[in-house]
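Q: Structure file protein_4.txt (compact mmCIF, C-alpha atoms and all ligand atoms) is given on the next line.
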```txt
# COMPACT_ATOMS: atom_id res chain seq x y z
CA MET A 1070 4.82 -13.81 -5.10
CA VAL A 1071 5.90 -10.19 -4.99
CA VAL A 1072 4.68 -7.59 -2.50
CA GLY A 1073 4.90 -4.00 -3.81
CA GLY A 1074 4.21 -2.76 -7.33
CA GLY A 1075 6.80 0.00 -7.68
CA ILE A 1076 9.56 -0.44 -10.27
CA SER A 1077 11.50 -2.83 -7.97
CA GLY A 1078 8.54 -5.22 -7.61
CA LEU A 1079 7.35 -4.86 -11.20
CA GLY A 1080 10.92 -5.39 -12.37
CA ILE A 1081 11.42 -8.64 -10.49
CA ALA A 1082 7.95 -9.85 -11.52
CA HIS A 1083 8.89 -9.19 -15.15
CA MET A 1084 12.20 -11.05 -14.70
CA ALA A 1085 10.40 -14.02 -13.12
CA ALA A 1086 7.98 -14.10 -16.05
CA ARG A 1087 10.97 -13.95 -18.41
CA ALA A 1088 12.27 -17.08 -16.63
CA GLY A 1089 8.96 -18.88 -17.23
CA ILE A 1090 7.29 -18.31 -13.85
CA ARG A 1091 3.90 -16.62 -13.57
CA PRO A 1092 4.26 -14.31 -10.56
CA LEU A 1093 1.45 -12.89 -8.45
CA LEU A 1094 2.13 -9.27 -7.44
CA LEU A 1095 0.20 -7.62 -4.59
CA GLU A 1096 0.07 -3.82 -4.55
CA ALA A 1097 -1.49 -1.80 -1.73
CA ASP A 1098 -2.47 1.15 -3.89
CA GLY A 1099 -5.17 1.26 -6.56
CA ARG A 1100 -2.45 1.87 -9.16
CA VAL A 1101 0.98 0.38 -9.85
CA GLY A 1102 4.18 2.40 -10.18
CA GLY A 1103 4.84 3.64 -6.63
CA ALA A 1104 7.24 6.56 -7.07
CA LEU A 1105 6.76 6.35 -10.86
CA CYS A 1106 3.66 8.48 -10.67
CA SER A 1107 2.57 10.72 -13.52
CA HIS A 1108 -0.46 12.85 -12.72
CA LEU A 1109 -2.77 13.62 -15.63
CA PHE A 1110 -4.15 17.17 -15.53
CA GLU A 1111 -7.38 17.53 -17.49
CA THR A 1112 -7.22 20.29 -20.13
CA PRO A 1113 -9.63 21.15 -22.96
CA GLU A 1114 -7.07 19.64 -25.35
CA GLY A 1115 -6.77 16.38 -23.40
CA PRO A 1116 -4.62 15.07 -20.54
CA PHE A 1117 -1.32 16.77 -19.73
CA TRP A 1118 1.03 14.80 -17.50
CA ALA A 1119 3.30 16.04 -14.74
CA GLU A 1120 5.56 13.87 -12.61
CA MET A 1121 4.72 13.49 -8.93
CA GLY A 1122 7.77 11.26 -8.26
CA ALA A 1123 10.69 10.33 -10.53
CA HIS A 1124 11.28 12.52 -13.59
CA THR A 1125 14.00 11.14 -15.81
CA CYS A 1126 15.60 7.91 -16.93
CA TYR A 1127 18.95 7.72 -18.71
CA ASN A 1128 20.57 5.56 -21.39
CA SER A 1129 22.75 4.11 -18.61
CA TYR A 1130 19.67 2.32 -17.21
CA GLY A 1131 20.53 -1.00 -18.90
CA ASN A 1132 18.04 -3.20 -17.05
CA LEU A 1133 15.18 -0.78 -17.59
CA LEU A 1134 16.06 -0.54 -21.28
CA GLN A 1135 16.16 -4.33 -21.57
CA ILE A 1136 12.66 -4.57 -20.10
CA LEU A 1137 11.37 -1.80 -22.38
CA GLU A 1138 12.99 -3.54 -25.35
CA GLU A 1139 11.30 -6.82 -24.43
CA LEU A 1140 7.99 -4.94 -24.28
CA GLN A 1141 8.79 -3.39 -27.69
CA LEU A 1142 8.66 0.10 -26.23
CA LEU A 1143 12.12 1.38 -27.17
CA ASP A 1144 10.65 3.23 -30.19
CA THR A 1145 8.19 5.07 -27.97
CA LEU A 1146 10.74 6.71 -25.65
CA LEU A 1147 10.41 10.49 -25.49
CA ALA A 1148 13.78 12.28 -25.58
CA LYS A 1149 14.01 15.08 -23.04
CA GLU A 1150 15.35 18.36 -24.41
CA LYS A 1151 18.65 19.50 -22.96
CA LEU A 1152 17.78 22.42 -20.67
CA SER A 1153 19.65 23.74 -17.64
CA TYR A 1154 18.89 23.66 -13.95
CA CYS A 1155 19.03 27.07 -12.24
CA LEU A 1156 19.72 28.01 -8.67
CA LEU A 1157 17.30 30.02 -6.55
CA ALA A 1158 19.48 31.92 -4.10
CA GLN A 1159 18.76 35.16 -2.22
CA ARG A 1160 15.31 35.13 -3.82
CA ARG A 1161 16.65 35.32 -7.39
CA ILE A 1162 17.01 32.73 -10.13
CA ARG A 1163 20.64 32.46 -11.19
CA SER A 1164 22.73 30.21 -13.41
CA ILE A 1165 24.71 27.58 -11.52
CA PRO A 1166 28.16 28.49 -12.95
CA SER A 1167 27.59 32.15 -11.97
CA GLN A 1168 27.32 31.09 -8.32
CA LEU A 1169 30.48 28.99 -8.17
CA ALA A 1170 33.62 30.54 -6.73
CA MET A 1171 36.00 29.62 -9.55
CA PHE A 1172 39.26 30.11 -7.67
CA GLU A 1173 38.09 27.85 -4.84
CA LEU A 1174 36.93 25.29 -7.41
CA LEU A 1175 40.26 25.28 -9.26
CA VAL A 1176 42.20 24.84 -6.04
CA ALA A 1177 39.94 22.00 -4.83
CA LEU A 1178 39.33 20.05 -8.07
CA PRO A 1179 42.68 18.19 -8.20
CA ARG A 1180 41.57 16.42 -4.99
CA LEU A 1181 39.20 14.51 -7.27
CA PHE A 1182 42.14 12.15 -7.85
CA SER A 1183 43.06 11.62 -4.19
CA VAL A 1184 39.82 11.76 -2.16
CA LYS A 1185 37.92 8.45 -1.99
CA LYS A 1186 34.15 8.29 -2.36
CA GLY A 1187 33.94 5.03 -0.40
CA GLY A 1188 33.69 5.71 3.33
CA SER A 1189 32.91 9.44 2.80
CA THR A 1190 29.67 11.30 3.29
CA VAL A 1191 28.33 13.45 0.46
CA ALA A 1192 29.30 16.57 2.45
CA GLY A 1193 32.83 15.27 3.15
CA TYR A 1194 33.56 14.11 -0.38
CA PHE A 1195 32.01 16.96 -2.36
CA SER A 1196 33.30 19.72 -0.02
CA ALA A 1197 36.77 18.32 -0.61
CA ILE A 1198 36.53 18.37 -4.41
CA VAL A 1199 34.63 21.66 -4.95
CA GLY A 1200 35.61 23.62 -1.83
CA ARG A 1201 33.55 24.19 1.31
CA ASN A 1202 31.90 27.43 0.20
CA ASN A 1203 30.98 26.05 -3.20
CA TYR A 1204 29.53 23.01 -1.49
CA ARG A 1205 27.48 25.04 0.99
CA ARG A 1206 26.15 27.56 -1.52
CA VAL A 1207 25.73 25.54 -4.74
CA ILE A 1208 26.70 21.88 -4.87
CA GLY A 1209 25.10 20.89 -1.54
CA PRO A 1210 21.68 22.29 -2.54
CA ALA A 1211 22.05 20.64 -5.97
CA LEU A 1212 22.70 17.25 -4.34
CA ASN A 1213 19.80 17.78 -1.92
CA ALA A 1214 17.68 18.29 -5.03
CA VAL A 1215 18.93 15.05 -6.59
CA ILE A 1216 17.80 12.87 -3.67
CA CYS A 1217 15.06 15.18 -2.28
CA GLN A 1218 16.53 15.29 1.23
CA GLU A 1219 19.44 16.79 3.16
CA ALA A 1220 22.19 14.94 1.31
CA GLY A 1221 25.14 15.82 3.57
CA GLU A 1222 25.15 12.60 5.64
CA PHE A 1223 24.29 10.30 2.69
CA PRO A 1224 27.12 7.92 1.63
CA ALA A 1225 28.93 9.55 -1.31
CA ASP A 1226 29.30 6.26 -3.19
CA ALA A 1227 25.52 5.71 -3.22
CA LEU A 1228 25.19 8.71 -5.57
CA PHE A 1229 26.00 8.67 -9.29
CA ARG A 1230 27.30 5.14 -9.65
CA LYS A 1231 28.83 4.83 -13.10
CA LYS A 1232 26.86 2.53 -15.38
CA PRO A 1233 27.56 1.76 -19.04
CA ARG A 1234 25.52 3.80 -21.50
CA ARG A 1235 23.64 2.45 -24.48
CA LYS A 1236 24.78 5.03 -26.98
CA GLU A 1237 22.10 4.18 -29.57
CA VAL A 1238 19.41 5.25 -27.08
CA VAL A 1239 18.61 8.92 -26.34
CA ARG A 1240 20.52 10.14 -23.29
CA ASN A 1241 17.60 11.34 -21.10
CA PHE A 1242 14.12 10.03 -21.66
CA THR A 1243 10.65 9.52 -20.36
CA GLY A 1244 7.58 7.65 -21.59
CA SER A 1245 4.79 8.99 -23.79
CA GLY A 1246 2.55 9.53 -20.74
CA GLY A 1247 5.41 10.20 -18.32
CA LEU A 1248 7.40 7.56 -16.42
CA GLU A 1249 4.33 5.86 -14.99
CA SER A 1250 3.56 4.59 -18.49
CA PHE A 1251 6.56 2.21 -18.13
CA ALA A 1252 5.09 0.76 -14.92
CA ARG A 1253 1.68 0.38 -16.52
CA ALA A 1254 3.20 -1.36 -19.55
CA ILE A 1255 5.07 -3.88 -17.39
CA ALA A 1256 1.90 -4.57 -15.38
CA ALA A 1257 -0.25 -4.97 -18.49
CA GLN A 1258 1.53 -8.16 -19.63
CA PRO A 1259 -0.83 -11.14 -19.51
CA ARG A 1260 1.97 -13.31 -18.07
CA LEU A 1261 1.89 -11.30 -14.80
CA ASP A 1262 -0.93 -11.59 -12.29
CA ILE A 1263 -1.32 -8.20 -10.59
CA ARG A 1264 -3.77 -7.49 -7.76
CA ARG A 1265 -4.20 -3.85 -6.83
CA SER A 1266 -5.58 -2.47 -3.54
CA VAL A 1267 -4.23 -5.44 -1.56
CA VAL A 1268 -2.40 -4.29 1.58
CA VAL A 1269 -0.25 -7.10 2.99
CA THR A 1270 -0.36 -6.95 6.79
CA GLY A 1271 1.28 -10.17 7.97
CA ILE A 1272 3.55 -13.01 6.91
CA GLU A 1273 3.72 -16.52 8.39
CA ARG A 1274 6.29 -19.14 7.52
CA ARG A 1275 5.10 -22.52 6.21
CA ASP A 1276 7.24 -25.64 5.68
CA ASP A 1277 7.21 -25.06 1.95
CA GLY A 1278 7.01 -21.27 1.78
CA TYR A 1279 4.95 -18.42 3.21
CA LEU A 1280 1.36 -17.51 4.00
CA LEU A 1281 0.47 -13.85 3.56
CA HIS A 1282 -2.42 -12.04 5.23
CA ALA A 1283 -4.03 -9.00 3.62
CA LYS A 1284 -5.92 -6.17 5.33
CA ASP A 1285 -9.23 -7.29 3.80
CA GLY A 1286 -8.81 -10.80 5.27
CA ALA A 1287 -7.58 -12.45 2.06
CA ARG A 1288 -4.74 -15.01 2.35
CA PHE A 1289 -2.15 -15.95 -0.23
CA GLU A 1290 0.24 -18.92 -0.18
CA THR A 1291 3.53 -18.94 -2.00
CA GLY A 1292 6.66 -21.06 -2.25
CA LYS A 1293 8.93 -18.05 -2.78
CA LEU A 1294 8.32 -14.51 -1.63
CA VAL A 1295 9.88 -11.18 -2.57
CA LEU A 1296 9.21 -8.01 -0.60
CA ALA A 1297 9.64 -4.91 -2.78
CA VAL A 1298 8.59 -2.37 -0.16
CA ALA A 1299 10.41 0.18 1.99
CA PRO A 1300 12.56 -1.23 4.83
CA ASP A 1301 10.25 0.22 7.50
CA VAL A 1302 7.31 -1.59 5.81
CA ALA A 1303 9.21 -4.88 5.45
CA ALA A 1304 10.48 -4.84 9.07
CA PRO A 1305 7.10 -5.24 10.84
CA LEU A 1306 5.94 -7.73 8.19
CA LEU A 1307 8.99 -9.90 8.99
CA ALA A 1308 8.98 -9.38 12.76
CA GLN A 1309 7.51 -12.85 13.50
CA THR A 1310 9.17 -14.95 10.81
CA GLU A 1311 12.58 -13.27 10.56
CA PRO A 1312 13.13 -11.23 13.75
CA GLU A 1313 16.87 -10.75 13.25
CA LEU A 1314 16.37 -9.49 9.70
CA ALA A 1315 13.49 -7.26 10.84
CA ALA A 1316 15.75 -5.71 13.49
CA VAL A 1317 18.41 -4.87 10.86
CA LEU A 1318 15.80 -3.34 8.51
CA SER A 1319 14.26 -1.21 11.24
CA GLY A 1320 17.58 0.63 11.57
CA ILE A 1321 17.32 2.06 8.01
CA GLY A 1322 15.89 5.59 8.02
CA MET A 1323 13.30 7.01 5.65
CA VAL A 1324 12.43 10.63 4.77
CA GLU A 1325 9.23 12.15 3.45
CA ILE A 1326 8.89 14.58 0.58
CA GLU A 1327 5.76 16.64 0.00
CA THR A 1328 5.36 17.04 -3.74
CA VAL A 1329 3.05 19.62 -5.29
CA ALA A 1330 2.68 19.78 -9.08
CA VAL A 1331 1.04 22.71 -10.82
CA ILE A 1332 -0.06 23.33 -14.41
CA LEU A 1333 -0.19 26.82 -15.92
CA PRO A 1334 -0.64 28.39 -19.35
CA ALA A 1335 2.64 28.28 -21.30
CA ASP A 1336 2.88 32.09 -21.34
CA ALA A 1337 1.98 32.71 -17.67
CA SER A 1338 5.45 32.69 -16.13
CA PRO A 1339 8.30 34.92 -17.33
CA LEU A 1340 10.82 32.15 -16.55
CA GLU A 1341 12.72 30.98 -19.61
CA PRO A 1342 12.40 27.24 -20.39
CA LEU A 1343 14.46 25.31 -17.83
CA ALA A 1344 14.97 21.79 -16.54
CA GLY A 1345 14.28 22.83 -12.98
CA ILE A 1346 15.08 25.11 -10.08
CA ILE A 1347 17.41 24.08 -7.27
CA ALA A 1348 16.58 25.89 -4.06
CA ALA A 1349 19.28 26.93 -1.60
CA ASN A 1350 17.87 27.22 1.93
CA ASP A 1351 14.21 27.29 0.98
CA ARG A 1352 11.08 25.39 1.99
CA PHE A 1353 11.53 23.13 -1.03
CA PHE A 1354 14.50 21.22 -2.41
CA SER A 1355 13.70 21.61 -6.09
CA ALA A 1356 11.06 22.44 -8.64
CA VAL A 1357 11.36 20.12 -11.63
CA SER A 1358 9.90 21.46 -14.85
CA ARG A 1359 8.15 19.65 -17.68
CA ASP A 1360 9.79 22.05 -20.14
CA PRO A 1361 12.20 19.33 -21.43
CA VAL A 1362 9.09 17.76 -23.00
CA PRO A 1363 7.71 21.03 -24.35
CA ASP A 1364 4.10 21.84 -25.10
CA GLY A 1365 2.94 25.01 -26.82
CA ARG A 1366 -0.01 25.50 -24.48
CA TYR A 1367 0.96 24.46 -20.96
CA ARG A 1368 3.86 24.20 -18.55
CA ALA A 1369 4.01 22.17 -15.35
CA PHE A 1370 6.34 22.28 -12.35
CA SER A 1371 6.71 19.70 -9.59
CA PHE A 1372 7.85 21.28 -6.32
CA HIS A 1373 9.46 18.86 -3.86
CA PHE A 1374 8.90 20.44 -0.43
CA ARG A 1375 10.76 19.62 2.76
CA PRO A 1376 8.57 17.63 5.18
CA GLU A 1377 7.89 20.64 7.38
CA GLY A 1378 4.12 20.44 7.40
CA LEU A 1379 3.77 23.70 5.46
CA SER A 1380 0.08 24.30 4.69
CA ARG A 1381 -1.21 23.83 1.15
CA GLU A 1382 -1.94 27.57 1.01
CA SER A 1383 1.62 28.50 2.00
CA LYS A 1384 3.04 26.06 -0.53
CA LEU A 1385 0.93 27.52 -3.33
CA GLU A 1386 1.89 31.03 -2.28
CA ARG A 1387 5.60 30.11 -2.46
CA ILE A 1388 5.09 28.39 -5.83
CA CYS A 1389 3.45 31.52 -7.27
CA GLU A 1390 6.28 33.71 -5.93
CA VAL A 1391 8.97 31.48 -7.44
CA LEU A 1392 7.24 31.17 -10.81
CA ASP A 1393 6.31 34.87 -10.67
CA ILE A 1394 2.67 34.22 -11.53
CA HIS A 1395 -0.74 35.23 -10.18
CA ARG A 1396 -2.74 32.63 -8.33
CA GLU A 1397 -5.35 32.61 -11.13
CA SER A 1398 -2.69 31.24 -13.49
CA LEU A 1399 -2.72 27.92 -11.63
CA LEU A 1400 -5.00 25.77 -13.78
CA GLY A 1401 -4.59 22.68 -11.61
CA VAL A 1402 -2.77 21.42 -8.53
CA SER A 1403 -1.87 17.85 -7.54
CA GLU A 1404 -0.27 16.69 -4.28
CA ARG A 1405 1.53 13.51 -3.25
CA ARG A 1406 3.62 12.38 -0.31
CA ASN A 1407 6.75 10.51 -1.40
CA ARG A 1408 9.21 8.59 0.76
CA LEU A 1409 12.84 7.78 0.11
CA PRO A 1410 15.49 5.97 2.15
CA ALA A 1411 17.94 8.15 4.08
CA LEU A 1412 21.06 5.98 3.73
CA ARG A 1413 23.98 6.56 6.07
CA LEU A 1414 27.68 5.66 6.16
CA GLY A 1415 28.08 1.97 6.89
CA HIS A 1416 25.06 1.06 4.77
CA ASP A 1417 27.22 -1.41 2.79
CA GLU A 1418 27.62 -3.37 6.04
CA VAL A 1419 23.84 -3.31 6.60
CA VAL A 1420 23.26 -4.72 3.09
CA ARG A 1421 25.93 -7.39 3.66
CA ARG A 1422 24.17 -8.45 6.88
CA VAL A 1423 20.78 -8.48 5.12
CA ASP A 1424 22.22 -10.74 2.41
CA GLU A 1425 23.77 -13.07 5.01
CA LEU A 1426 20.40 -13.40 6.72
CA LEU A 1427 18.62 -14.05 3.40
CA ALA A 1428 21.11 -16.68 2.20
CA GLY A 1429 19.50 -20.06 1.55
CA LYS A 1430 15.99 -18.73 2.20
CA ARG A 1431 12.99 -18.61 -0.11
CA LEU A 1432 12.65 -14.94 0.73
CA GLY A 1433 13.93 -12.01 -1.34
CA LEU A 1434 14.20 -8.29 -0.66
CA THR A 1435 14.48 -5.60 -3.30
CA GLY A 1436 13.96 -1.85 -3.44
CA ASN A 1437 15.71 1.50 -3.64
CA TRP A 1438 17.67 1.00 -0.42
CA PHE A 1439 20.49 -1.28 -1.54
CA SER A 1440 23.10 0.34 -3.80
CA GLY A 1441 21.25 3.62 -4.48
CA VAL A 1442 17.84 5.17 -4.98
CA SER A 1443 17.58 5.50 -8.77
CA VAL A 1444 15.20 3.45 -10.90
CA GLU A 1445 18.15 1.48 -12.29
CA ASP A 1446 19.57 0.85 -8.80
CA CYS A 1447 16.20 -0.76 -7.96
CA LEU A 1448 16.40 -3.00 -11.02
CA ILE A 1449 20.02 -3.98 -10.37
CA ARG A 1450 18.91 -5.34 -6.98
CA SER A 1451 15.88 -7.03 -8.55
CA VAL A 1452 18.15 -8.84 -11.05
CA GLU A 1453 20.38 -10.08 -8.20
CA GLU A 1454 17.42 -11.34 -6.17
CA CYS A 1455 15.78 -12.95 -9.19
CA ASP A 1456 19.03 -14.80 -9.95
CA ARG A 1457 19.37 -15.96 -6.33
CA LEU A 1458 15.78 -17.17 -6.00
CA ILE A 1459 15.15 -18.59 -9.47
CA GLY A 1460 18.60 -19.04 -10.98
C1 LIG B 1501 10.45 12.96 -5.85
C2 LIG B 1501 11.31 11.85 -6.42
C3 LIG B 1501 12.04 12.08 -7.59
C4 LIG B 1501 12.82 11.04 -8.12
N1 LIG B 1501 13.47 11.25 -9.30
C5 LIG B 1501 14.11 10.21 -9.90
C6 LIG B 1501 14.63 10.34 -11.21
O1 LIG B 1501 14.46 11.39 -11.87
N2 LIG B 1501 15.29 9.27 -11.75
C7 LIG B 1501 15.46 8.10 -11.06
O2 LIG B 1501 16.07 7.16 -11.59
N3 LIG B 1501 14.94 7.93 -9.82
C8 LIG B 1501 14.26 8.95 -9.24
N4 LIG B 1501 13.69 8.79 -8.01
C9 LIG B 1501 13.88 7.51 -7.29
C10 LIG B 1501 12.99 6.40 -7.81
O3 LIG B 1501 11.82 6.92 -8.39
C11 LIG B 1501 12.57 5.47 -6.68
O4 LIG B 1501 13.67 5.11 -5.87
C12 LIG B 1501 11.94 4.19 -7.21
O5 LIG B 1501 10.89 4.49 -8.12
C13 LIG B 1501 11.44 3.36 -6.04
O6 LIG B 1501 10.84 2.18 -6.51
P1 LIG B 1501 10.46 1.00 -5.51
O7 LIG B 1501 9.67 0.00 -6.27
O8 LIG B 1501 11.67 0.51 -4.80
O9 LIG B 1501 9.59 1.69 -4.36
P2 LIG B 1501 8.16 2.38 -4.51
O10 LIG B 1501 8.04 3.05 -5.80
O11 LIG B 1501 8.00 3.17 -3.26
O12 LIG B 1501 7.14 1.16 -4.51
C14 LIG B 1501 6.79 0.43 -3.35
C15 LIG B 1501 5.38 -0.07 -3.58
O13 LIG B 1501 5.01 -0.94 -2.49
C16 LIG B 1501 3.65 -0.71 -2.19
N5 LIG B 1501 3.40 -1.17 -0.82
C17 LIG B 1501 3.83 -0.59 0.33
N6 LIG B 1501 3.38 -1.30 1.40
C18 LIG B 1501 2.68 -2.34 0.91
C19 LIG B 1501 1.96 -3.42 1.52
N7 LIG B 1501 1.91 -3.55 2.86
N8 LIG B 1501 1.32 -4.32 0.73
C20 LIG B 1501 1.38 -4.19 -0.64
N9 LIG B 1501 2.05 -3.20 -1.25
C21 LIG B 1501 2.68 -2.28 -0.50
C22 LIG B 1501 3.50 0.80 -2.35
O14 LIG B 1501 2.14 1.17 -2.51
C23 LIG B 1501 4.34 1.06 -3.58
O15 LIG B 1501 3.60 1.00 -4.77
C24 LIG B 1501 12.89 9.79 -7.46
C25 LIG B 1501 12.14 9.56 -6.30
C26 LIG B 1501 11.35 10.57 -5.79
C27 LIG B 1501 10.50 10.30 -4.56
```
Starting from the coordinates I provided, produce the structure as C-alpha cells.
A:
Amino acid sequence: MVVGGGISGLGIAHMAARAGIRPLLLEADGRVGGALCSHLFETPEGPFWAEMGAHTCYNSYGNLLQILEELQLLDTLLAKEKLSYCLLAQRRIRSIPSQLAMFELLVALPRLFSVKKGGSTVAGYFSAIVGRNNYRRVIGPALNAVICQEAGEFPADALFRKKPRRKEVVRNFTGSGGLESFARAIAAQPRLDIRRSVVVTGIERRDDGYLLHAKDGARFETGKLVLAVAPDVAAPLLAQTEPELAAVLSGIGMVEIETVAVILPADASPLEPLAGIIAANDRFFSAVSRDPVPDGRYRAFSFHFRPEGLSRESKLERICEVLDIHRESLLGVSERRNRLPALRLGHDEVVRRVDELLAGKRLGLTGNWFSGVSVEDCLIRSVEECDRLIG
C-alpha cells in the first residue's frame, strides 16, 4: 500500500506492479499528481494548459523515461523549444549574461576545480565559483528560482546532480497535456488500484503489517506500507508506531510557494518569447512561461510567489506590471499553494539515520526530500525503496 499519489508514490506503485504486485494507492486529493499539476484554462478553441507546479523534465530522467517507455508514451513527449530565461532587476527585464560581472567571473571560475560541493551551502559553493557579487545579483536569484525558495542555505550537492542522458530522447520535454498527463497515465493502468480523496490520518502496527485509518473512517490493512508524503505529514502519522523515526522526520523543514498562473492573448504582452523570468529581490522567485510549447493564440505564465501572504489583488497587479499588460488582458487566473522541502547541510546524515531506522521493516519512505527535489530524484528514491521492500 502506498500513501500519496505524487510522482514518488505513483512511481513506486508502478514499480511494484512491474514486479507483479497489485498495489493500493491512497491519495488525499481528488486528483493524482501532487506537484505535477497542469491547470486547464477553458478557451473557445479548447483547453490550454499551464503548469501550477513542475514545468520541465529532461532526458537525464532515466527512471521517468523507463516508466513512460513501459506505458508506450515515449512517442508522445512534447519537446520544449530552447528559449532563454531573463532576469528582472531594477524593474527591467535583462539578459542574464549582461548582468554578470565578467572580470569577477573569470577570476572566480578556476575555483570550480578546487571548491567541493559536498559540505557546502549553495551560497558558499556558488559564491566561490562565480564571485560574491555575481552570486548576489544574478546566480543566487537564479538558484532561488530553480528550487522556489531562498536557496542560500540549501546543500550545494542536492542541486544539479549529474545523471546520464538518453541522447535519443529530446533534451527538455513535457507531456501533451502538460506534466500532469504523465501522472494520469501512470494512474490509469488497470494493474494499479488508486483511491482518490482518501486522507490517511493514522497508522497502527499489526503483527503482519499495518492498519491505516482514513479521515472518513475507512480502514485499510497492508503487509507492506510506503509513505510518499512530505516529512512533516509522515512524522505525525508515524508518531505512535515509529516515534524515533517520526522525531527525525519532524526536523526536516518545508517551505510554501504561492503559485499564480495567468493566460493572456498571444499578442497582449510586448515581451519576446522566453522560457521564464528570474526575479532578483521581488515578491516572486520566478515566472515560468509556456512559450517553449508555443501556441499562436495564447500565452501563459506561472508566477511562483514568496509565501508572504500577498493578497490576490496585489499579486495580479504585480503580474500585470511585469508582463506589461492591462488587467483586461488576463483571460483566466489559477492559484495553487505548493510545498517543497527546505534541505539543510547535514541532510545526508538525516537520510542515513532514516535508512537505519527503516532497515528490516515493512515500511518504506519516498519523496522529494532524499537526494534532491526533482522528479527524477523522487523516482531514484522510489526505485531504492521498491528494491528494499520487494527485491
Ligand atoms: C513550483 C514547482 C516547480 C517545480 N519544477 C520542477 C521542474 O521543472 N522539474 C522537476 O524535475 N521538478 C520540479 N519540481 C519538483 C517536483 O515537482 C516535486 O519535487 C515532485 O513532483 C514531488 O513529488 P512527490 O510525489 O514527492 O510529492 P507531491 O507531489 O507533493 O505528492 C505528495 C502527495 O501526497 C498526498 N498526500 C499528502 N498527505 C496525504 C495523506 N495524509 N493521505 C493521503 N495522501 C496524502 C498529496 O495530496 C500529494 O498528492 C517543482 C516543484 C514545484 C513546487
Q: Give as a JSON list (two decimals) with C-alpha atoms, keeping the file's coordinate frame the residues surrounding ligand LIG 1501 (chain B) up to a distance of 6 Å, considering only C-alpha atoms and all ligand atoms.
A:
```
[["chain", "number", "residue", "atom", "x", "y", "z"],
["A", 1072, "VAL", "CA", 4.68, -7.59, -2.50],
["A", 1073, "GLY", "CA", 4.90, -4.00, -3.81],
["A", 1074, "GLY", "CA", 4.21, -2.76, -7.33],
["A", 1075, "GLY", "CA", 6.80, 0.00, -7.68],
["A", 1076, "ILE", "CA", 9.56, -0.44, -10.27],
["A", 1077, "SER", "CA", 11.50, -2.83, -7.97],
["A", 1078, "GLY", "CA", 8.54, -5.22, -7.61],
["A", 1095, "LEU", "CA", 0.20, -7.62, -4.59],
["A", 1096, "GLU", "CA", 0.07, -3.82, -4.55],
["A", 1097, "ALA", "CA", -1.49, -1.80, -1.73],
["A", 1098, "ASP", "CA", -2.47, 1.15, -3.89],
["A", 1101, "VAL", "CA", 0.98, 0.38, -9.85],
["A", 1102, "GLY", "CA", 4.18, 2.40, -10.18],
["A", 1103, "GLY", "CA", 4.84, 3.64, -6.63],
["A", 1104, "ALA", "CA", 7.24, 6.56, -7.07],
["A", 1105, "LEU", "CA", 6.76, 6.35, -10.86],
["A", 1122, "GLY", "CA", 7.77, 11.26, -8.26],
["A", 1123, "ALA", "CA", 10.69, 10.33, -10.53],
["A", 1124, "HIS", "CA", 11.28, 12.52, -13.59],
["A", 1125, "THR", "CA", 14.00, 11.14, -15.81],
["A", 1126, "CYS", "CA", 15.60, 7.91, -16.93],
["A", 1267, "VAL", "CA", -4.23, -5.44, -1.56],
["A", 1268, "VAL", "CA", -2.40, -4.29, 1.58],
["A", 1269, "VAL", "CA", -0.25, -7.10, 2.99],
["A", 1270, "THR", "CA", -0.36, -6.95, 6.79],
["A", 1298, "VAL", "CA", 8.59, -2.37, -0.16],
["A", 1302, "VAL", "CA", 7.31, -1.59, 5.81],
["A", 1407, "ASN", "CA", 6.75, 10.51, -1.40],
["A", 1408, "ARG", "CA", 9.21, 8.59, 0.76],
["A", 1409, "LEU", "CA", 12.84, 7.78, 0.11],
["A", 1436, "GLY", "CA", 13.96, -1.85, -3.44],
["A", 1437, "ASN", "CA", 15.71, 1.50, -3.64],
["A", 1442, "VAL", "CA", 17.84, 5.17, -4.98],
["A", 1443, "SER", "CA", 17.58, 5.50, -8.77],
["A", 1444, "VAL", "CA", 15.20, 3.45, -10.90],
["A", 1447, "CYS", "CA", 16.20, -0.76, -7.96]]
```
Q: Could you jot down the CA of Arg1091 in chain A to CA of Val1420 in chain A separation for me, Å, one decimal place?
A: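 We find that CA of Arg1091 in chain A and CA of Val1420 in chain A lie 28.2 Å from each other.
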Q: From the set A:Ser1183, A:Thr1190, A:Gln1135, A:Asn1203, which residue has the shortest atom-to-atom contact distance to Ile1165 in chain A, counting all atoms listed in the file?
A: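 With all atoms listed in the file as the atom set, the closest residue is A:Asn1203.
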Q: Taking (6.2, -8.9, 10.6) in the coordinates of the supplied file, I want to know which residues reach to within 12 Å of it, counting only C-alpha atoms; could you give the answer as a PyMOL selection string?
A: chain A and resi 1269-1274+1280-1282+1296+1300-1316+1318-1319
Q: Please provide the set of residues having any atom within 12 Å of Glu1454 in chain A, restricted to only C-alpha atoms, with same-chain residues fewer than 3 positions apart removed, written as a CSV table (one decimal) with C-alpha atoms, keeping the file's coordinate frame.
A:
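Output (around27.csv):
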```csv
chain,number,residue,atom,x,y,z
A,1071,VAL,CA,5.9,-10.2,-5.0
A,1077,SER,CA,11.5,-2.8,-8.0
A,1078,GLY,CA,8.5,-5.2,-7.6
A,1080,GLY,CA,10.9,-5.4,-12.4
A,1081,ILE,CA,11.4,-8.6,-10.5
A,1082,ALA,CA,8.0,-9.8,-11.5
A,1084,MET,CA,12.2,-11.0,-14.7
A,1085,ALA,CA,10.4,-14.0,-13.1
A,1293,LYS,CA,8.9,-18.0,-2.8
A,1294,LEU,CA,8.3,-14.5,-1.6
A,1295,VAL,CA,9.9,-11.2,-2.6
A,1296,LEU,CA,9.2,-8.0,-0.6
A,1297,ALA,CA,9.6,-4.9,-2.8
A,1424,ASP,CA,22.2,-10.7,2.4
A,1427,LEU,CA,18.6,-14.0,3.4
A,1428,ALA,CA,21.1,-16.7,2.2
A,1429,GLY,CA,19.5,-20.1,1.6
A,1430,LYS,CA,16.0,-18.7,2.2
A,1431,ARG,CA,13.0,-18.6,-0.1
A,1432,LEU,CA,12.6,-14.9,0.7
A,1433,GLY,CA,13.9,-12.0,-1.3
A,1434,LEU,CA,14.2,-8.3,-0.7
A,1435,THR,CA,14.5,-5.6,-3.3
A,1436,GLY,CA,14.0,-1.8,-3.4
A,1439,PHE,CA,20.5,-1.3,-1.5
A,1447,CYS,CA,16.2,-0.8,-8.0
A,1448,LEU,CA,16.4,-3.0,-11.0
A,1449,ILE,CA,20.0,-4.0,-10.4
A,1450,ARG,CA,18.9,-5.3,-7.0
A,1451,SER,CA,15.9,-7.0,-8.6
A,1457,ARG,CA,19.4,-16.0,-6.3
A,1458,LEU,CA,15.8,-17.2,-6.0
A,1459,ILE,CA,15.2,-18.6,-9.5
A,1460,GLY,CA,18.6,-19.0,-11.0
```
